[in-house]
$ cat input.cif   # mmCIF, C-alpha atoms
data_run
loop_
_atom_site.group_PDB
_atom_site.id
_atom_site.type_symbol
_atom_site.label_atom_id
_atom_site.label_comp_id
_atom_site.auth_asym_id
_atom_site.auth_seq_id
_atom_site.Cartn_x
_atom_site.Cartn_y
_atom_site.Cartn_z
ATOM 1 C CA ASP Z 1 -0.935 -3.566 -5.968
ATOM 2 C CA VAL Z 2 0.495 -5.870 -8.584
ATOM 3 C CA LYS Z 3 -0.437 -9.489 -8.288
ATOM 4 C CA VAL Z 4 0.475 -12.876 -9.652
ATOM 5 C CA THR Z 5 -1.916 -15.567 -8.472
ATOM 6 C CA GLN Z 6 -1.285 -19.281 -8.581
ATOM 7 C CA SER Z 7 -4.506 -21.213 -8.281
ATOM 8 C CA SER Z 8 -3.285 -24.043 -6.086
ATOM 9 C CA ARG Z 9 -0.891 -23.644 -3.173
ATOM 10 C CA TYR Z 10 -0.662 -27.338 -2.388
ATOM 11 C CA LEU Z 11 -1.415 -30.346 -4.572
ATOM 12 C CA VAL Z 12 -0.997 -34.071 -4.083
ATOM 13 C CA LYS Z 13 -1.190 -36.227 -7.192
ATOM 14 C CA ARG Z 14 -0.465 -39.800 -8.113
ATOM 15 C CA THR Z 15 2.129 -41.000 -10.584
ATOM 16 C CA GLY Z 16 0.775 -40.885 -14.116
ATOM 17 C CA GLU Z 17 -1.892 -38.273 -13.449
ATOM 18 C CA LYS Z 18 -2.179 -35.170 -15.606
ATOM 19 C CA VAL Z 19 -1.560 -32.031 -13.603
ATOM 20 C CA PHE Z 20 -2.487 -28.447 -14.403
ATOM 21 C CA LEU Z 21 -0.928 -25.513 -12.603
ATOM 22 C CA GLU Z 22 -2.600 -22.198 -13.325
ATOM 23 C CA CYS Z 23 -1.161 -18.720 -13.051
ATOM 24 C CA VAL Z 24 -2.903 -15.388 -13.570
ATOM 25 C CA GLN Z 25 -1.381 -11.904 -13.468
ATOM 26 C CA ASP Z 26 -3.211 -8.589 -13.376
ATOM 27 C CA MET Z 27 -0.341 -6.323 -14.451
ATOM 28 C CA ASP Z 28 -0.821 -6.605 -18.215
ATOM 29 C CA HIS Z 29 2.672 -8.075 -18.490
ATOM 30 C CA GLU Z 30 3.744 -9.608 -21.764
ATOM 31 C CA ASN Z 31 6.246 -12.068 -20.336
ATOM 32 C CA MET Z 32 5.340 -14.977 -18.099
ATOM 33 C CA PHE Z 33 7.503 -17.730 -16.677
ATOM 34 C CA TRP Z 34 7.379 -21.042 -14.890
ATOM 35 C CA TYR Z 35 10.203 -21.955 -12.552
ATOM 36 C CA ARG Z 36 10.873 -25.008 -10.503
ATOM 37 C CA GLN Z 37 12.536 -24.611 -7.112
ATOM 38 C CA ASP Z 38 14.377 -27.426 -5.372
ATOM 39 C CA PRO Z 39 16.642 -27.256 -2.293
ATOM 40 C CA GLY Z 40 20.240 -26.561 -3.231
ATOM 41 C CA LEU Z 41 19.384 -25.995 -6.894
ATOM 42 C CA GLY Z 42 17.815 -22.572 -6.732
ATOM 43 C CA LEU Z 43 15.286 -21.642 -9.394
ATOM 44 C CA ARG Z 44 15.366 -23.362 -12.743
ATOM 45 C CA LEU Z 45 13.399 -22.096 -15.712
ATOM 46 C CA ILE Z 46 10.985 -24.586 -17.233
ATOM 47 C CA TYR Z 47 9.203 -22.512 -19.897
ATOM 48 C CA PHE Z 48 8.462 -18.924 -20.639
ATOM 49 C CA SER Z 49 6.095 -17.026 -22.888
ATOM 50 C CA TYR Z 50 6.556 -13.565 -24.357
ATOM 51 C CA ASP Z 51 3.142 -13.288 -25.946
ATOM 52 C CA VAL Z 52 -0.186 -15.026 -26.278
ATOM 53 C CA LYS Z 53 0.204 -18.461 -27.875
ATOM 54 C CA MET Z 54 3.992 -18.069 -27.860
ATOM 55 C CA LYS Z 55 6.283 -20.204 -25.742
ATOM 56 C CA GLU Z 56 9.957 -20.912 -25.368
ATOM 57 C CA LYS Z 57 11.740 -23.754 -23.620
ATOM 58 C CA GLY Z 58 13.782 -22.957 -20.581
ATOM 59 C CA ASP Z 59 16.500 -25.051 -19.026
ATOM 60 C CA ILE Z 60 14.422 -28.049 -17.924
ATOM 61 C CA PRO Z 61 11.366 -28.402 -20.196
ATOM 62 C CA GLU Z 62 11.331 -32.207 -20.319
ATOM 63 C CA GLY Z 63 8.122 -33.656 -18.924
ATOM 64 C CA TYR Z 64 6.309 -30.316 -19.046
ATOM 65 C CA SER Z 65 4.231 -28.323 -21.478
ATOM 66 C CA VAL Z 66 2.591 -24.904 -21.246
ATOM 67 C CA SER Z 67 -0.380 -23.038 -22.590
ATOM 68 C CA ARG Z 68 -0.992 -19.337 -22.985
ATOM 69 C CA GLU Z 69 -4.352 -18.641 -24.581
ATOM 70 C CA LYS Z 70 -4.856 -15.266 -22.884
ATOM 71 C CA LYS Z 71 -2.346 -12.613 -21.966
ATOM 72 C CA GLU Z 72 -3.041 -12.799 -18.259
ATOM 73 C CA ARG Z 73 -2.974 -16.582 -17.912
ATOM 74 C CA PHE Z 74 -0.108 -19.054 -18.207
ATOM 75 C CA SER Z 75 -0.622 -22.726 -17.456
ATOM 76 C CA LEU Z 76 1.941 -25.406 -16.731
ATOM 77 C CA ILE Z 77 0.970 -28.952 -17.631
ATOM 78 C CA LEU Z 78 2.496 -32.194 -16.467
ATOM 79 C CA GLU Z 79 1.182 -34.735 -18.954
ATOM 80 C CA SER Z 80 2.053 -37.725 -16.788
ATOM 81 C CA ALA Z 81 3.299 -36.781 -13.360
ATOM 82 C CA SER Z 82 6.293 -38.597 -11.934
ATOM 83 C CA THR Z 83 7.751 -38.611 -8.436
ATOM 84 C CA ASN Z 84 10.791 -36.635 -9.580
ATOM 85 C CA GLN Z 85 8.458 -33.762 -10.405
ATOM 86 C CA THR Z 86 7.666 -33.299 -6.730
ATOM 87 C CA SER Z 87 8.742 -29.710 -6.201
ATOM 88 C CA MET Z 88 7.769 -26.097 -5.621
ATOM 89 C CA TYR Z 89 6.588 -24.400 -8.811
ATOM 90 C CA LEU Z 90 6.789 -20.647 -9.118
ATOM 91 C CA CYS Z 91 5.087 -18.498 -11.715
ATOM 92 C CA ALA Z 92 6.429 -15.057 -12.545
ATOM 93 C CA SER Z 93 5.752 -12.226 -14.950
ATOM 94 C CA SER Z 94 7.605 -9.217 -16.300
ATOM 95 C CA LEU Z 95 7.326 -6.355 -18.733
ATOM 96 C CA SER Z 96 8.800 -6.664 -22.186
ATOM 97 C CA GLY Z 97 10.590 -4.449 -24.641
ATOM 98 C CA ARG Z 98 12.366 -1.334 -23.469
ATOM 99 C CA ALA Z 99 10.486 -1.364 -20.190
ATOM 100 C CA ASN Z 100 11.880 -4.744 -19.312
ATOM 101 C CA THR Z 101 14.708 -4.642 -16.834
ATOM 102 C CA GLY Z 102 14.547 -8.307 -15.993
ATOM 103 C CA GLU Z 103 12.677 -7.664 -12.761
ATOM 104 C CA LEU Z 104 10.293 -10.511 -12.065
ATOM 105 C CA PHE Z 105 7.028 -10.515 -10.130
ATOM 106 C CA PHE Z 106 6.314 -13.843 -8.485
ATOM 107 C CA GLY Z 107 3.280 -15.737 -7.328
ATOM 108 C CA GLU Z 108 3.259 -17.484 -3.966
ATOM 109 C CA GLY Z 109 4.128 -20.852 -5.426
ATOM 110 C CA SER Z 110 2.457 -24.219 -5.843
ATOM 111 C CA ARG Z 111 3.901 -27.094 -3.886
ATOM 112 C CA LEU Z 112 3.290 -30.318 -5.787
ATOM 113 C CA THR Z 113 3.752 -33.766 -4.289
ATOM 114 C CA VAL Z 114 3.598 -36.763 -6.608
ATOM 115 C CA LEU Z 115 3.080 -40.095 -4.869
ATOM 116 C CA ALA J 1 27.318 -18.405 -20.124
ATOM 117 C CA GLN J 2 26.443 -16.221 -17.205
ATOM 118 C CA SER J 3 26.451 -17.704 -13.724
ATOM 119 C CA VAL J 4 25.726 -16.597 -10.192
ATOM 120 C CA THR J 5 27.396 -17.970 -7.085
ATOM 121 C CA GLN J 6 26.117 -17.663 -3.570
ATOM 122 C CA PRO J 7 28.829 -19.424 -1.587
ATOM 123 C CA ASP J 8 26.924 -19.610 1.684
ATOM 124 C CA ILE J 9 24.104 -22.128 1.733
ATOM 125 C CA HIS J 10 23.087 -21.379 5.293
ATOM 126 C CA ILE J 11 23.929 -18.499 7.656
ATOM 127 C CA THR J 12 22.958 -18.027 11.284
ATOM 128 C CA VAL J 13 23.113 -14.625 12.950
ATOM 129 C CA SER J 14 21.925 -13.250 16.256
ATOM 130 C CA GLU J 15 19.108 -10.747 16.290
ATOM 131 C CA GLY J 16 20.579 -7.250 16.215
ATOM 132 C CA ALA J 17 23.823 -8.363 14.596
ATOM 133 C CA SER J 18 24.934 -7.204 11.184
ATOM 134 C CA LEU J 19 24.512 -9.330 8.085
ATOM 135 C CA GLU J 20 26.330 -9.744 4.811
ATOM 136 C CA LEU J 21 25.264 -12.233 2.160
ATOM 137 C CA ARG J 22 27.678 -12.822 -0.657
ATOM 138 C CA CYS J 23 26.946 -12.950 -4.360
ATOM 139 C CA ASN J 24 29.425 -13.270 -7.214
ATOM 140 C CA TYR J 25 28.574 -13.364 -10.871
ATOM 141 C CA SER J 26 30.329 -14.345 -14.016
ATOM 142 C CA TYR J 27 29.478 -12.336 -17.079
ATOM 143 C CA GLY J 28 31.401 -10.402 -19.714
ATOM 144 C CA ALA J 29 29.738 -7.053 -19.132
ATOM 145 C CA THR J 30 28.013 -5.458 -16.178
ATOM 146 C CA PRO J 31 24.616 -7.055 -15.878
ATOM 147 C CA TYR J 32 21.521 -5.920 -14.101
ATOM 148 C CA LEU J 33 21.658 -7.306 -10.556
ATOM 149 C CA PHE J 34 18.894 -8.216 -8.153
ATOM 150 C CA TRP J 35 18.322 -9.578 -4.678
ATOM 151 C CA TYR J 36 15.083 -11.380 -3.903
ATOM 152 C CA VAL J 37 13.801 -12.679 -0.565
ATOM 153 C CA GLN J 38 11.579 -15.686 -0.038
ATOM 154 C CA SER J 39 9.783 -16.154 3.254
ATOM 155 C CA PRO J 40 8.847 -19.739 4.150
ATOM 156 C CA GLY J 41 6.123 -21.080 1.891
ATOM 157 C CA GLN J 42 5.964 -17.899 -0.161
ATOM 158 C CA GLY J 43 7.045 -16.652 -3.539
ATOM 159 C CA LEU J 44 9.986 -14.330 -4.129
ATOM 160 C CA GLN J 45 9.852 -10.620 -3.426
ATOM 161 C CA LEU J 46 12.274 -8.075 -4.840
ATOM 162 C CA LEU J 47 14.523 -6.506 -2.198
ATOM 163 C CA LEU J 48 16.610 -4.262 -4.423
ATOM 164 C CA LYS J 49 18.138 -3.915 -7.857
ATOM 165 C CA TYR J 50 21.122 -2.357 -9.566
ATOM 166 C CA PHE J 51 21.136 -1.156 -13.151
ATOM 167 C CA SER J 52 23.765 1.573 -13.257
ATOM 168 C CA GLY J 53 25.026 4.634 -11.415
ATOM 169 C CA ASP J 54 25.621 4.690 -7.673
ATOM 170 C CA THR J 55 27.122 1.349 -6.708
ATOM 171 C CA LEU J 56 25.442 1.335 -3.307
ATOM 172 C CA VAL J 57 21.734 0.678 -3.651
ATOM 173 C CA GLN J 58 19.081 0.808 -0.999
ATOM 174 C CA GLY J 59 16.178 -1.584 -0.839
ATOM 175 C CA ILE J 60 13.183 -2.427 1.230
ATOM 176 C CA LYS J 61 13.258 -3.622 4.846
ATOM 177 C CA GLY J 62 16.510 -1.774 5.568
ATOM 178 C CA PHE J 63 18.659 -3.811 3.178
ATOM 179 C CA GLU J 64 21.375 -2.428 0.956
ATOM 180 C CA ALA J 65 23.766 -3.927 -1.566
ATOM 181 C CA GLU J 66 27.030 -2.783 -3.054
ATOM 182 C CA PHE J 67 28.125 -3.504 -6.589
ATOM 183 C CA LYS J 68 31.870 -3.995 -6.953
ATOM 184 C CA ARG J 69 32.865 -4.344 -10.577
ATOM 185 C CA SER J 70 36.456 -5.342 -9.823
ATOM 186 C CA GLN J 71 35.254 -8.267 -7.724
ATOM 187 C CA SER J 72 32.179 -9.133 -9.806
ATOM 188 C CA SER J 73 30.229 -9.037 -6.577
ATOM 189 C CA PHE J 74 26.904 -7.718 -5.371
ATOM 190 C CA ASN J 75 26.787 -8.419 -1.644
ATOM 191 C CA LEU J 76 23.677 -7.795 0.408
ATOM 192 C CA ARG J 77 23.966 -6.145 3.806
ATOM 193 C CA LYS J 78 21.860 -5.127 6.753
ATOM 194 C CA PRO J 79 23.281 -3.365 9.816
ATOM 195 C CA SER J 80 20.903 -4.929 12.353
ATOM 196 C CA VAL J 81 18.973 -8.104 11.666
ATOM 197 C CA HIS J 82 15.449 -8.649 12.933
ATOM 198 C CA TRP J 83 13.865 -12.047 13.613
ATOM 199 C CA SER J 84 11.470 -11.400 10.720
ATOM 200 C CA ASP J 85 14.426 -11.376 8.318
ATOM 201 C CA ALA J 86 14.704 -15.161 8.594
ATOM 202 C CA ALA J 87 14.140 -16.289 5.012
ATOM 203 C CA GLU J 88 15.954 -17.455 1.928
ATOM 204 C CA TYR J 89 17.757 -14.888 -0.177
ATOM 205 C CA PHE J 90 18.470 -15.176 -3.882
ATOM 206 C CA CYS J 91 20.838 -13.164 -6.003
ATOM 207 C CA ALA J 92 19.957 -12.875 -9.702
ATOM 208 C CA VAL J 93 21.519 -11.396 -12.833
ATOM 209 C CA VAL J 94 20.237 -10.365 -16.237
ATOM 210 C CA PRO J 95 22.450 -9.168 -19.096
ATOM 211 C CA SER J 96 22.012 -5.452 -19.571
ATOM 212 C CA GLY J 97 21.042 -3.845 -22.838
ATOM 213 C CA GLY J 98 18.267 -6.176 -23.771
ATOM 214 C CA TYR J 99 16.186 -8.833 -22.246
ATOM 215 C CA GLN J 100 17.617 -12.270 -21.801
ATOM 216 C CA LYS J 101 17.119 -15.015 -19.305
ATOM 217 C CA VAL J 102 17.365 -14.298 -15.591
ATOM 218 C CA THR J 103 19.964 -16.442 -13.844
ATOM 219 C CA PHE J 104 19.489 -17.130 -10.159
ATOM 220 C CA GLY J 105 21.950 -18.186 -7.515
ATOM 221 C CA THR J 106 21.178 -21.237 -5.434
ATOM 222 C CA GLY J 107 20.125 -19.165 -2.453
ATOM 223 C CA THR J 108 21.281 -18.494 1.097
ATOM 224 C CA LYS J 109 19.025 -19.491 3.960
ATOM 225 C CA LEU J 110 19.216 -17.080 6.869
ATOM 226 C CA GLN J 111 18.427 -18.186 10.397
ATOM 227 C CA VAL J 112 18.067 -15.544 13.113
ATOM 228 C CA ILE J 113 18.556 -16.566 16.725
ATOM 229 C CA PRO J 114 17.460 -14.540 19.772
#
$ encode --input "input.cif" --output "C-alpha coordinates"
Amino acid sequence: DVKVTQSSRYLVKRTGEKVFLECVQDMDHENMFWYRQDPGLGLRLIYFSYDVKMKEKGDIPEGYSVSREKKERFSLILESASTNQTSMYLCASSLSGRANTGELFFGEGSRLTVL
Amino acid sequence: AQSVTQPDIHITVSEGASLELRCNYSYGATPYLFWYVQSPGQGLQLLLKYFSGDTLVQGIKGFEAEFKRSQSSFNLRKPSVHWSDAAEYFCAVVPSGGYQKVTFGTGTKLQVIP
(Lines of atoms letter the chains of each structure in order from A and count residues from 1; the text may use other names and numbers.)
(Lines give C-alpha, C1' and ligand atoms only; values in the text may rest on other atoms or scores of the structure.)
Protein backbone atom coordinates (compact mmCIF):
# COMPACT_ATOMS: atom_id res chain seq x y z
CA ASP A 1 0.00 0.00 0.00
CA VAL A 2 1.28 3.44 -0.86
CA LYS A 3 2.32 5.59 2.03
CA VAL A 4 3.24 9.14 2.86
CA THR A 5 4.49 9.48 6.42
CA GLN A 6 4.77 12.70 8.36
CA SER A 7 7.08 12.31 11.31
CA SER A 8 5.17 14.38 13.83
CA ARG A 9 1.39 14.39 14.21
CA TYR A 10 1.31 17.07 16.88
CA LEU A 11 3.88 19.70 17.78
CA VAL A 12 3.88 22.61 20.20
CA LYS A 13 6.60 25.21 19.73
CA ARG A 14 7.36 28.65 21.04
CA THR A 15 7.56 31.83 19.01
CA GLY A 16 10.98 32.21 17.43
CA GLU A 17 11.87 28.53 17.51
CA LYS A 18 13.08 26.74 14.39
CA VAL A 19 10.70 24.00 13.36
CA PHE A 20 11.29 21.03 11.09
CA LEU A 21 8.45 19.03 9.61
CA GLU A 22 9.54 15.83 7.91
CA CYS A 23 7.77 13.87 5.21
CA VAL A 24 8.76 10.55 3.66
CA GLN A 25 7.06 8.69 0.81
CA ASP A 26 7.68 5.12 -0.31
CA MET A 27 6.10 5.33 -3.77
CA ASP A 28 9.16 6.57 -5.67
CA HIS A 29 7.22 9.71 -6.62
CA GLU A 30 9.08 12.58 -8.19
CA ASN A 31 6.78 15.34 -7.00
CA MET A 32 6.30 16.30 -3.37
CA PHE A 33 4.28 19.10 -1.83
CA TRP A 34 3.65 20.95 1.39
CA TYR A 35 0.22 22.39 2.02
CA ARG A 36 -1.18 24.39 4.85
CA GLN A 37 -4.79 23.84 5.88
CA ASP A 38 -6.81 26.40 7.81
CA PRO A 39 -10.57 26.45 8.49
CA GLY A 40 -12.47 28.22 5.74
CA LEU A 41 -9.38 28.57 3.55
CA GLY A 42 -9.01 25.04 2.28
CA LEU A 43 -5.55 23.86 1.30
CA ARG A 44 -2.92 26.36 0.27
CA LEU A 45 0.32 25.33 -1.38
CA ILE A 46 3.47 26.43 0.41
CA TYR A 47 6.22 24.78 -1.65
CA PHE A 48 6.65 21.89 -3.98
CA SER A 49 9.54 19.92 -5.40
CA TYR A 50 9.68 18.03 -8.68
CA ASP A 51 13.09 16.49 -8.17
CA VAL A 52 15.89 16.11 -5.68
CA LYS A 53 17.35 19.49 -4.71
CA MET A 54 14.69 21.26 -6.78
CA LYS A 55 11.98 23.42 -5.26
CA GLU A 56 9.33 25.85 -6.37
CA LYS A 57 7.36 28.40 -4.39
CA GLY A 58 3.67 27.87 -4.02
CA ASP A 59 1.06 30.42 -3.08
CA ILE A 60 2.20 31.20 0.48
CA PRO A 61 5.96 30.57 0.79
CA GLU A 62 6.72 33.50 3.10
CA GLY A 63 8.16 32.37 6.41
CA TYR A 64 8.92 28.86 5.14
CA SER A 65 11.73 27.04 3.41
CA VAL A 66 12.10 23.45 2.22
CA SER A 67 14.76 20.86 1.67
CA ARG A 68 14.83 17.83 -0.58
CA GLU A 69 18.14 16.01 -0.36
CA LYS A 70 16.70 12.57 -1.18
CA LYS A 71 13.89 11.61 -3.49
CA GLU A 72 11.75 10.10 -0.76
CA ARG A 73 12.10 12.91 1.78
CA PHE A 74 10.78 16.47 1.74
CA SER A 75 11.22 18.73 4.74
CA LEU A 76 9.41 21.93 5.62
CA ILE A 77 11.32 24.41 7.74
CA LEU A 78 10.00 27.33 9.74
CA GLU A 79 13.10 29.40 10.43
CA SER A 80 11.47 31.42 13.20
CA ALA A 81 8.02 30.20 14.11
CA SER A 82 5.27 32.74 14.67
CA THR A 83 1.79 32.35 16.12
CA ASN A 84 0.20 32.90 12.71
CA GLN A 85 1.89 29.71 11.54
CA THR A 86 -0.27 27.67 13.89
CA SER A 87 -1.99 25.34 11.46
CA MET A 88 -2.35 21.85 10.03
CA TYR A 89 0.44 21.00 7.59
CA LEU A 90 -0.12 18.35 4.97
CA CYS A 91 2.52 16.66 2.86
CA ALA A 92 1.61 15.06 -0.44
CA SER A 93 3.31 13.35 -3.36
CA SER A 94 2.49 12.53 -6.96
CA LEU A 95 3.93 11.02 -10.10
CA SER A 96 5.43 13.25 -12.74
CA GLY A 97 5.59 13.38 -16.49
CA ARG A 98 3.01 11.57 -18.58
CA ALA A 99 1.96 9.44 -15.64
CA ASN A 100 0.96 12.49 -13.67
CA THR A 101 -2.74 13.11 -13.58
CA GLY A 102 -2.61 15.53 -10.70
CA GLU A 103 -3.75 12.91 -8.22
CA LEU A 104 -2.13 13.54 -4.86
CA PHE A 105 -1.28 11.09 -2.08
CA PHE A 106 -1.40 12.68 1.35
CA GLY A 107 0.16 12.07 4.71
CA GLU A 108 -1.92 12.24 7.87
CA GLY A 109 -0.90 15.78 8.65
CA SER A 110 1.11 17.58 11.30
CA ARG A 111 -0.78 19.90 13.60
CA LEU A 112 1.54 22.67 14.73
CA THR A 113 0.74 25.05 17.58
CA VAL A 114 3.01 28.04 18.10
CA LEU A 115 2.69 29.71 21.49
CA ALA B 1 -6.66 31.65 -13.14
CA GLN B 2 -8.51 28.51 -12.29
CA SER B 3 -10.74 28.45 -9.23
CA VAL B 4 -12.95 26.00 -7.40
CA THR B 5 -16.07 26.90 -5.45
CA GLN B 6 -17.75 24.76 -2.87
CA PRO B 7 -20.71 26.91 -1.87
CA ASP B 8 -21.71 24.89 1.18
CA ILE B 9 -19.39 25.25 4.15
CA HIS B 10 -21.36 22.90 6.36
CA ILE B 11 -24.11 20.36 5.60
CA THR B 12 -26.11 18.22 8.00
CA VAL B 13 -27.98 15.14 6.83
CA SER B 14 -29.75 12.31 8.58
CA GLU B 15 -28.28 8.84 8.40
CA GLY B 16 -29.83 7.00 5.47
CA ALA B 17 -30.70 10.19 3.59
CA SER B 18 -29.22 11.08 0.24
CA LEU B 19 -26.37 13.53 -0.13
CA GLU B 20 -25.21 15.96 -2.76
CA LEU B 21 -22.17 18.19 -2.32
CA ARG B 22 -21.71 20.92 -4.85
CA CYS B 23 -18.55 21.89 -6.69
CA ASN B 24 -18.16 24.47 -9.44
CA TYR B 25 -14.96 25.32 -11.22
CA SER B 26 -13.75 28.11 -13.38
CA TYR B 27 -11.33 27.16 -16.10
CA GLY B 28 -11.09 27.64 -19.86
CA ALA B 29 -10.94 23.97 -20.78
CA THR B 30 -12.14 20.80 -19.13
CA PRO B 31 -9.77 20.05 -16.30
CA TYR B 32 -9.12 16.88 -14.41
CA LEU B 33 -11.50 16.80 -11.44
CA PHE B 34 -11.17 15.16 -8.06
CA TRP B 35 -13.02 14.70 -4.80
CA TYR B 36 -11.06 14.03 -1.63
CA VAL B 37 -12.34 13.18 1.85
CA GLN B 38 -10.69 14.08 5.12
CA SER B 39 -11.73 12.32 8.30
CA PRO B 40 -11.12 14.24 11.54
CA GLY B 41 -7.43 14.55 12.31
CA GLN B 42 -6.40 12.73 9.15
CA GLY B 43 -4.94 13.53 5.78
CA LEU B 44 -6.92 13.57 2.54
CA GLN B 45 -7.96 10.42 0.72
CA LEU B 46 -9.04 10.29 -2.91
CA LEU B 47 -12.72 9.42 -3.35
CA LEU B 48 -12.94 9.61 -7.13
CA LYS B 49 -11.60 11.36 -10.19
CA TYR B 50 -12.68 12.39 -13.66
CA PHE B 51 -10.34 12.71 -16.61
CA SER B 52 -12.52 12.10 -19.66
CA GLY B 53 -15.21 9.83 -21.05
CA ASP B 54 -18.29 8.83 -19.07
CA THR B 55 -19.43 11.87 -17.13
CA LEU B 56 -20.70 9.80 -14.22
CA VAL B 57 -17.82 8.39 -12.22
CA GLN B 58 -17.92 5.93 -9.39
CA GLY B 59 -15.65 6.11 -6.39
CA ILE B 60 -14.94 4.40 -3.14
CA LYS B 61 -17.36 4.12 -0.22
CA GLY B 62 -20.41 4.24 -2.50
CA PHE B 63 -19.82 7.79 -3.74
CA GLU B 64 -20.33 8.98 -7.28
CA ALA B 65 -19.91 12.30 -9.06
CA GLU B 66 -21.27 13.72 -12.27
CA PHE B 67 -19.38 16.09 -14.52
CA LYS B 68 -21.58 18.64 -16.25
CA ARG B 69 -19.62 20.69 -18.74
CA SER B 70 -22.44 23.16 -19.40
CA GLN B 71 -22.62 24.02 -15.70
CA SER B 72 -18.89 23.70 -14.95
CA SER B 73 -19.88 21.46 -12.08
CA PHE B 74 -18.69 18.22 -10.55
CA ASN B 75 -21.15 17.41 -7.77
CA LEU B 76 -20.59 14.53 -5.39
CA ARG B 77 -23.49 12.26 -4.48
CA LYS B 78 -24.33 9.32 -2.28
CA PRO B 79 -27.77 7.71 -2.19
CA SER B 80 -27.69 6.73 1.49
CA VAL B 81 -25.35 8.33 3.99
CA HIS B 82 -23.76 6.39 6.81
CA TRP B 83 -22.58 7.88 10.12
CA SER B 84 -19.00 7.06 9.10
CA ASP B 85 -19.31 9.49 6.18
CA ALA B 86 -19.05 12.43 8.57
CA ALA B 87 -15.93 14.21 7.35
CA GLU B 88 -14.77 17.15 5.31
CA TYR B 89 -14.94 16.90 1.54
CA PHE B 90 -12.74 18.78 -0.90
CA CYS B 91 -13.18 19.27 -4.60
CA ALA B 92 -10.00 19.83 -6.62
CA VAL B 93 -9.09 20.63 -10.22
CA VAL B 94 -5.97 20.30 -12.33
CA PRO B 95 -5.64 21.58 -15.91
CA SER B 96 -5.64 18.67 -18.30
CA GLY B 97 -2.92 18.03 -20.83
CA GLY B 98 0.03 18.61 -18.61
CA TYR B 99 0.81 18.97 -15.01
CA GLN B 100 0.10 22.23 -13.29
CA LYS B 101 -0.87 23.20 -9.80
CA VAL B 102 -3.80 21.51 -8.09
CA THR B 103 -6.45 23.97 -6.94
CA PHE B 104 -8.63 22.98 -4.02
CA GLY B 105 -12.01 24.23 -2.94
CA THR B 106 -12.45 25.42 0.61
CA GLY B 107 -14.20 22.24 1.66
CA THR B 108 -17.63 21.15 2.86
CA LYS B 109 -17.96 19.69 6.33
CA LEU B 110 -20.57 16.96 6.52
CA GLN B 111 -22.36 16.17 9.76
CA VAL B 112 -24.50 13.02 9.95
CA ILE B 113 -27.23 12.83 12.57
CA PRO B 114 -28.99 9.64 13.70
$ resolve_selection --input "input.cif" --expression "the PyMOL selection byres ((chain Z and resi 72) around 7)" --output "list in words"
Val24, Gln25, Asp26, Asp28, Lys70, Lys71, Arg73 and Phe74 of chain Z
$ write_last_selection --input "input.cif" --atoms "C-alpha atoms" --output "PDB file, in the frame of the given file"
ATOM      1  CA  VAL Z  24      -2.903 -15.388 -13.570  1.00  0.00           C
ATOM      2  CA  GLN Z  25      -1.381 -11.904 -13.468  1.00  0.00           C
ATOM      3  CA  ASP Z  26      -3.211  -8.589 -13.376  1.00  0.00           C
ATOM      4  CA  ASP Z  28      -0.821  -6.605 -18.215  1.00  0.00           C
ATOM      5  CA  LYS Z  70      -4.856 -15.266 -22.884  1.00  0.00           C
ATOM      6  CA  LYS Z  71      -2.346 -12.613 -21.966  1.00  0.00           C
ATOM      7  CA  ARG Z  73      -2.974 -16.582 -17.912  1.00  0.00           C
ATOM      8  CA  PHE Z  74      -0.108 -19.054 -18.207  1.00  0.00           C
TER       9      PHE Z  74
END
$ resolve_selection --input "input.cif" --expression "the PyMOL selection byres ((chain Z) within 8 of (chain J))" --output "ChimeraX atom specification"
/Z:40-44,90,96-98,100-109
$ resolve_selection --input "input.cif" --expression "the PyMOL selection byres ((chain J and resi 83) around 9)" --output "ChimeraX atom specification"
/J:14-16,81-82,84-86,111-114
$ residues_around --input "input.cif" --residues "Gln6 (chain J)" --least-positions-apart "2" --cutoff "6 Å" --atoms "all atoms listed in the file" --output "MDAnalysis selection string"
chainID J and resid 8 22:23 105
$ atom_distance --input "input.cif" --atom1 "CA of Ser7 (chain Z)" --atom2 "CA of Phe20 (chain Z)"
9.7 Å
$ atom_distance --input "input.cif" --atom1 "CA of Tyr89 (chain J)" --atom2 "CA of Val57 (chain J)"
16.4 Å
$ atom_distance --input "input.cif" --atom1 "CA of Phe48 (chain Z)" --atom2 "CA of Tyr10 (chain Z)"
22.1 Å
$ residues_around --input "input.cif" --residues "Ser87 (chain Z)" --least-positions-apart "2" --cutoff "7 Å" --atoms "only C-alpha atoms" --output "VMD selection string"
chain Z and resid 36 to 38 85 89 111 to 113
$ residues_near_point --input "input.cif" --point "(9.1, -35.6, -11.9)" --cutoff "12 Å" --atoms "all atoms listed in the file" --output "ChimeraX atom specification"
/Z:13-19,36,38,60-64,77-89,112-115
$ residues_near_point --input "input.cif" --point "(26.7, -17.1, -12.3)" --cutoff "6 Å" --atoms "all atoms listed in the file" --output "mmCIF file with C-alpha atoms, in the frame of the given file"
data_model
loop_
_atom_site.group_PDB
_atom_site.id
_atom_site.type_symbol
_atom_site.label_atom_id
_atom_site.label_comp_id
_atom_site.auth_asym_id
_atom_site.auth_seq_id
_atom_site.Cartn_x
_atom_site.Cartn_y
_atom_site.Cartn_z
ATOM 1 C CA GLN J 2 26.443 -16.221 -17.205
ATOM 2 C CA SER J 3 26.451 -17.704 -13.724
ATOM 3 C CA VAL J 4 25.726 -16.597 -10.192
ATOM 4 C CA THR J 5 27.396 -17.970 -7.085
ATOM 5 C CA TYR J 25 28.574 -13.364 -10.871
ATOM 6 C CA SER J 26 30.329 -14.345 -14.016
#
$ closest_residue --input "input.cif" --among "J:Lys109, J:Lys68, J:Arg77, J:Lys61" --to "Ser18 (chain J)" --atoms "only C-alpha atoms"
J:Arg77
$ closest_residue --input "input.cif" --among "Z:Ser110, Z:Lys57, Z:Cys91, Z:Ser75" --to "Phe33 (chain Z)" --atoms "all atoms listed in the file"
Z:Cys91
